[in-house]
Amino acid sequence: MNEKHAPDTPDIPDIFLKPYDPAEHEDALYNTWEESGFFNPDVCIEKGVTAADAEPFSIVLPPPNVTGTLHMGHASMLAVEDILVRYNRMQGKRTLWLPGTDSAALATQSKVEGIIYKKEKKRRHEIGREELLKRIDTFAEASKDTIIGQTKKLGSSLDWSRYAFTLDETRYAAVMEAFVRMYDKDLIYRGARSVNWDPNLQTTVSDDEVDYVEQGDPFYYFKYGPFTIGTVRPETKFGDKYVVMHPDDERYKEYMHGQQIEVEWINGPITATIIKDEAADPEMGSGVMTITPWHSAVDFEIAERHGLDKEQVIDERGCLLPIAGEFAGQHIKKARAAIIERMQEKGLVEKIDEAYVHKVATNSRGGGTIEPQIKEQWFIDVNKEFIMGPSEISGVSESDTVTLKSLMRTVVDNGQIDILPERFMRVYKHWVDNLHDWCISRQIWYGHRIPAWFKDGEVKVQITSPGDGWKQDSDTLDTWFSSGLWTMSTLGWPEETDDFKTYHPTTVLETGYDILPFWVARMILMSTCLTGQIPFKNVYFHGLVRDEKGKKMSKSLGNISDPLDMIEKYGADATRLSLIVGAAPGNDIPLSENKVRAYKKFANKLWNISRFTLTNIIDADFTQKPTHSDRDKEILDTLRSTVAEISDDIENFNLYLAAEKAYHYVWHDLADKVLEESKPVLNGDDTEATYARQYVLRECLVTSLKMLHPFMPYVTETIWQQLPKELKESEHELLMVTKWPSK
RNA sequence: GAGCGAUUAGCUCAGCUGGUAGAGCGCUACAUUGACAUUGUAGAGGUCACAGGUUCAAGUCCUGUAUCGCUCACCA
């Protein structure tokens, strides 16, 4: 053997003479990857790193909203997905990870409206539809650029050539097509129903977008003829002419269903009708209530059951209508006190409970208090039976009679879609079973305009105008309508594209468990209904990233940590690892800066392991197969079994275990044991043993780099670039497309 | 009100189909200028929330209790 090299030998790259500095390498490396084209599976096939008939692996990125910037939750999502994608790409699969952003209609419009109002004190109607849309587009465009930049910083190996935006031309067309097809199947209908109306944003919102916020309000007991009724909302009571009680309530058995009585009410005497309905809870208060069908979903249902009149009391802006008599025109917030005063004068107030706490419906998308209203809206009917088209769903054949609900149940019940962690399967089923018709129209401007046309009371649903005099519905679609089509529309549906044929159903959907109902369920609904395919084979829910105290990160709490800060301080690799280790599927991830720092040290450890190894093998000629000692074989065995375990863990989505094992192996096995005990061997006189050990160390280094690459792409690729030329060439110039070590 | 989850070292959490309690961070002692803007070696620290049960054997399976958290629904 030749003479040994000192650590400062000129033969190993100078780069190793100082600690690993992520900032120095990351951006350039990302550019190298991107320019190589290997993020795109077509290029991988072209350049021979992937077989043209290899098994496909696809993930469509859950598109971040164009409302702002990425947070740690996005970072954790990107880390998980990039690990899966890089692993499968190295496995030689045709691997596609498709990026995009979401217009997030209501959230974005309300954000931009807010900005405009703050600066110019102008409301949307003063600005006009076209101008507002222009401004939202400008905002969305800027936000989109920020998001893409941040996504790249994390090392995400997304195929940017396939980038999609929910409002771009292809996606818009898909949404229109989906609407028309579902309308034609009678799955979309228009009807007057009780909906959640936001008087601030002047739009409906879906049930899932309503947050119930606890609030204290006085609870009033009023005399209503012979009865006592209670309410927190006296301003809705003007039109209450039905009094409801449970049919079995003994206290009121003298009153008959349909019986009419005269009662003195806010603005004078009215005729009230007795209604017996099981919705009235005898245990609650007096067991008697009056109803306001126009402004309560529950009351609406009671009124529907008995065919009762429904009258609007409050208008869309929250002001009282003429039915309120002298209170008409007043805003409900102001009117309440005056109404109570009047009731007291009339002696109709029995008592007031000041300490009453209840939950008030508010719009989670930054709006105000929800006022239920009956409005003519578009709905998706989840219980309507229809004839299934061509089907690849097991258990469902073409021309079977199905409902959207039954489809949604079937694909999960029969295991075609696997949900991880398992407990969310139960949450999903529970949600599907309780699903109501989905109100999909919104009275906002930013979004996909509903392809419905009106003329003289007639309605036509089609993509282009039916002709002169037809006016398009001014409403837009709920943002989740287009999101529900995401796996399909990004791959080119409704066209029969190669992408769609190859990559749909997608392999994995990876997202936060908080959007199971909004998104996951709706993609299943849309895809099964419109394509007869499931949208994805596996659902992997990651937890929510919380601060070190376990609190949810939110703007209002001001405890948001910015992934970019972490990347700047500790590098993208360390940031990624800190979001993976300890993050079992579905478990929330408490993130502390200490944790990120610890993984930065690990990157540096790997750096030094590489430096040591390269220094000690640089003079060896690896053309000969060495004769291994028993210990050599043992070291290689451990390496192989580690690779096998890690591969299994990744395939089972146990990334947290895989990352931890890789970390443990590299630091506490390879570095602490193997390298330490190799020092005397490498410096010994037995050239045969030295060579054999050099061979082993090279193997350990190369394999460790591959094994760690999905988790820490930057530092591993940086080191890979420093490996001797012949070593890289026997594999590939870029680590990201070398083959994963075989088990 | 219903459902789901958690309870294991000072902190954050692993512990998959039951077989002598683990990791990271922190702490203590010693060593080390070394491949390492340090690292290594050793160590302290746990009745695995509580009570029953199944079993040769229970953090692990079953039942119940307590506390905390989340989700959904209702609240006239």
# chains A, B, ... in the order shown; residues from 1 in each chain; ligands from 1
>>> residues_around(residues="Lys276 of chain A", least_positions_apart="6", cutoff="8 Å", atoms="only C-alpha atoms (C1' of nucleotides)", output="ChimeraX atom specification")
/A:244-247,256-257
>>> write_last_selection(atoms="all heavy atoms", output="short mmCIF file (atom, residue, chain, number, x, y, z; two decimals), in the first residue's frame")
data_model
loop_
_atom_site.label_atom_id
_atom_site.label_comp_id
_atom_site.auth_asym_id
_atom_site.auth_seq_id
_atom_site.Cartn_x
_atom_site.Cartn_y
_atom_site.Cartn_z
N VAL A 244 -94.07 25.10 18.64
CA VAL A 244 -93.78 23.67 18.48
C VAL A 244 -93.54 23.00 19.82
O VAL A 244 -92.88 23.56 20.69
CB VAL A 244 -92.53 23.47 17.59
CG1 VAL A 244 -92.28 21.98 17.34
CG2 VAL A 244 -92.68 24.22 16.28
N MET A 245 -94.13 21.80 19.99
CA MET A 245 -93.89 21.03 21.21
C MET A 245 -93.87 19.56 20.86
O MET A 245 -94.38 19.15 19.82
CB MET A 245 -94.96 21.32 22.26
CG MET A 245 -96.36 21.02 21.79
SD MET A 245 -97.61 22.07 22.57
CE MET A 245 -97.21 23.68 21.89
N HIS A 246 -93.26 18.77 21.73
CA HIS A 246 -93.14 17.33 21.47
C HIS A 246 -94.52 16.68 21.56
O HIS A 246 -95.29 16.98 22.47
CB HIS A 246 -92.18 16.71 22.48
CG HIS A 246 -91.68 15.36 22.06
ND1 HIS A 246 -92.42 14.22 22.24
CD2 HIS A 246 -90.53 14.98 21.43
CE1 HIS A 246 -91.73 13.18 21.75
NE2 HIS A 246 -90.59 13.62 21.26
N PRO A 247 -94.84 15.77 20.63
CA PRO A 247 -96.18 15.14 20.64
C PRO A 247 -96.48 14.41 21.95
O PRO A 247 -97.65 14.27 22.33
CB PRO A 247 -96.12 14.15 19.47
CG PRO A 247 -94.80 14.26 18.83
CD PRO A 247 -94.02 15.33 19.48
N MET A 256 -103.87 20.67 20.50
CA MET A 256 -103.87 19.76 19.36
C MET A 256 -103.00 20.31 18.24
O MET A 256 -102.89 21.52 18.05
CB MET A 256 -105.30 19.61 18.81
CG MET A 256 -106.26 18.95 19.78
SD MET A 256 -105.72 17.27 20.16
CE MET A 256 -105.68 17.32 21.93
N HIS A 257 -102.41 19.39 17.50
CA HIS A 257 -101.64 19.77 16.32
C HIS A 257 -102.53 20.52 15.34
O HIS A 257 -103.64 20.06 15.03
CB HIS A 257 -101.08 18.51 15.66
CG HIS A 257 -100.26 18.81 14.44
ND1 HIS A 257 -98.96 19.24 14.51
CD2 HIS A 257 -100.55 18.76 13.12
CE1 HIS A 257 -98.49 19.42 13.28
NE2 HIS A 257 -99.44 19.15 12.42
#
>>> residues_around(residues="Leu544 of chain A", least_positions_apart="2", cutoff="9 Å", atoms="only C-alpha atoms (C1' of nucleotides)", output="ChimeraX atom specification")
/A:72-73,76,512-514,542,546,552-553,586-590
>>> closest_atom_pairs(of="chain B", to="chain A", cutoff="6 Å", atoms="only C-alpha atoms (C1' of nucleotides)", output="Markdown table")
| residue | atom | partner | partner_atom | distance |
| --- | --- | --- | --- | --- |
| B:A35 | C1' | A:Phe612 | CA | 4.1 |
| B:C36 | C1' | A:Asn608 | CA | 5.7 |
| B:A76 | C1' | A:Met289 | CA | 4.8 |
>>> select_by_dssp(residues="segment 438-512 of chain A", states="alpha helix (DSSP H)", output="PyMOL selection string")
chain A and resi 479-484+486-489+498-503
>>> residues_around(residues="segment 1-18 of chain B", least_positions_apart="3", cutoff="6 Å", atoms="only C-alpha atoms (C1' of nucleotides)", output="PyMOL selection string")
chain B and resi 45-46+48-49+60
>>> residues_around(residues="segment 313-323 of chain A", least_positions_apart="4", cutoff="12 Å", atoms="only C-alpha atoms (C1' of nucleotides)", output="JSON, numbers by chain")
{"A": [195, 196, 197, 198, 199, 200, 201, 202, 203, 204, 233, 234, 235, 236, 237, 238, 239, 240, 266, 267, 292, 293, 294, 295, 296, 327, 328, 329, 330, 331, 332, 333, 334, 335, 336, 339, 368, 369, 370, 371, 372, 373, 374, 375, 443]}
>>> write_last_selection(atoms="C-alpha atoms", output="PDB file, in the first residue's frame")
ATOM      1  CA  VAL A 195     -77.769  28.007   3.780  1.00  0.00           C
ATOM      2  CA  ASN A 196     -75.053  29.674   5.820  1.00  0.00           C
ATOM      3  CA  TRP A 197     -75.037  33.304   4.785  1.00  0.00           C
ATOM      4  CA  ASP A 198     -72.165  35.591   5.637  1.00  0.00           C
ATOM      5  CA  PRO A 199     -73.545  39.168   5.715  1.00  0.00           C
ATOM      6  CA  ASN A 200     -70.035  40.627   5.720  1.00  0.00           C
ATOM      7  CA  LEU A 201     -68.679  38.820   2.694  1.00  0.00           C
ATOM      8  CA  GLN A 202     -72.125  38.635   1.115  1.00  0.00           C
ATOM      9  CA  THR A 203     -71.858  34.982   0.248  1.00  0.00           C
ATOM     10  CA  THR A 204     -72.896  31.519   1.313  1.00  0.00           C
ATOM     11  CA  ARG A 233     -82.156  36.157  19.221  1.00  0.00           C
ATOM     12  CA  PRO A 234     -85.318  38.218  19.800  1.00  0.00           C
ATOM     13  CA  GLU A 235     -84.713  40.052  16.525  1.00  0.00           C
ATOM     14  CA  THR A 236     -85.661  36.946  14.564  1.00  0.00           C
ATOM     15  CA  LYS A 237     -88.963  36.470  16.353  1.00  0.00           C
ATOM     16  CA  PHE A 238     -91.231  38.822  14.450  1.00  0.00           C
ATOM     17  CA  GLY A 239     -92.506  36.208  12.093  1.00  0.00           C
ATOM     18  CA  ASP A 240     -92.849  33.400  14.624  1.00  0.00           C
ATOM     19  CA  ILE A 266     -94.075  42.151  19.642  1.00  0.00           C
ATOM     20  CA  ASN A 267     -96.078  44.277  17.242  1.00  0.00           C
ATOM     21  CA  THR A 292     -88.049  30.938  12.377  1.00  0.00           C
ATOM     22  CA  PRO A 293     -87.674  28.761   9.298  1.00  0.00           C
ATOM     23  CA  TRP A 294     -85.999  31.408   7.200  1.00  0.00           C
ATOM     24  CA  HIS A 295     -83.143  31.923   9.627  1.00  0.00           C
ATOM     25  CA  SER A 296     -82.503  28.537  11.154  1.00  0.00           C
ATOM     26  CA  PHE A 327     -88.088  48.196  13.630  1.00  0.00           C
ATOM     27  CA  ALA A 328     -87.783  47.656   9.882  1.00  0.00           C
ATOM     28  CA  GLY A 329     -84.548  48.879   8.375  1.00  0.00           C
ATOM     29  CA  GLN A 330     -82.578  48.654  11.591  1.00  0.00           C
ATOM     30  CA  HIS A 331     -79.523  46.477  11.786  1.00  0.00           C
ATOM     31  CA  ILE A 332     -80.150  43.459  13.998  1.00  0.00           C
ATOM     32  CA  LYS A 333     -77.289  44.307  16.296  1.00  0.00           C
ATOM     33  CA  LYS A 334     -78.852  47.660  17.116  1.00  0.00           C
ATOM     34  CA  ALA A 335     -82.439  46.521  17.077  1.00  0.00           C
ATOM     35  CA  ARG A 336     -82.091  43.902  19.759  1.00  0.00           C
ATOM     36  CA  ILE A 339     -87.014  45.068  20.861  1.00  0.00           C
ATOM     37  CA  GLY A 368     -68.430  37.566  10.287  1.00  0.00           C
ATOM     38  CA  THR A 369     -71.355  35.992  12.071  1.00  0.00           C
ATOM     39  CA  ILE A 370     -73.312  33.569   9.955  1.00  0.00           C
ATOM     40  CA  GLU A 371     -76.988  34.308   9.435  1.00  0.00           C
ATOM     41  CA  PRO A 372     -78.867  31.332   8.053  1.00  0.00           C
ATOM     42  CA  GLN A 373     -81.003  32.353   5.086  1.00  0.00           C
ATOM     43  CA  ILE A 374     -83.110  30.521   2.612  1.00  0.00           C
ATOM     44  CA  LYS A 375     -81.571  31.050  -0.765  1.00  0.00           C
ATOM     45  CA  GLN A 443     -71.760  34.821  -4.275  1.00  0.00           C
TER      46      GLN A 443
END
>>> select_by_dssp(residues="segment 510-645 of chain A", states="strand (DSSP E or B)", output="MDAnalysis selection string")
chainID A and resid 510:512 536:542 545:546 552 589:590
>>> closest_residue(among="A:Phe541, A:Ser441, A:Lys185, A:Ala521", to="Gly389 of chain A", atoms="only C-alpha atoms")
A:Lys185
>>> atom_distance(atom1="atom CA of Pro63 of chain A", atom2="atom CA of Leu579 of chain A")
19.3 Å
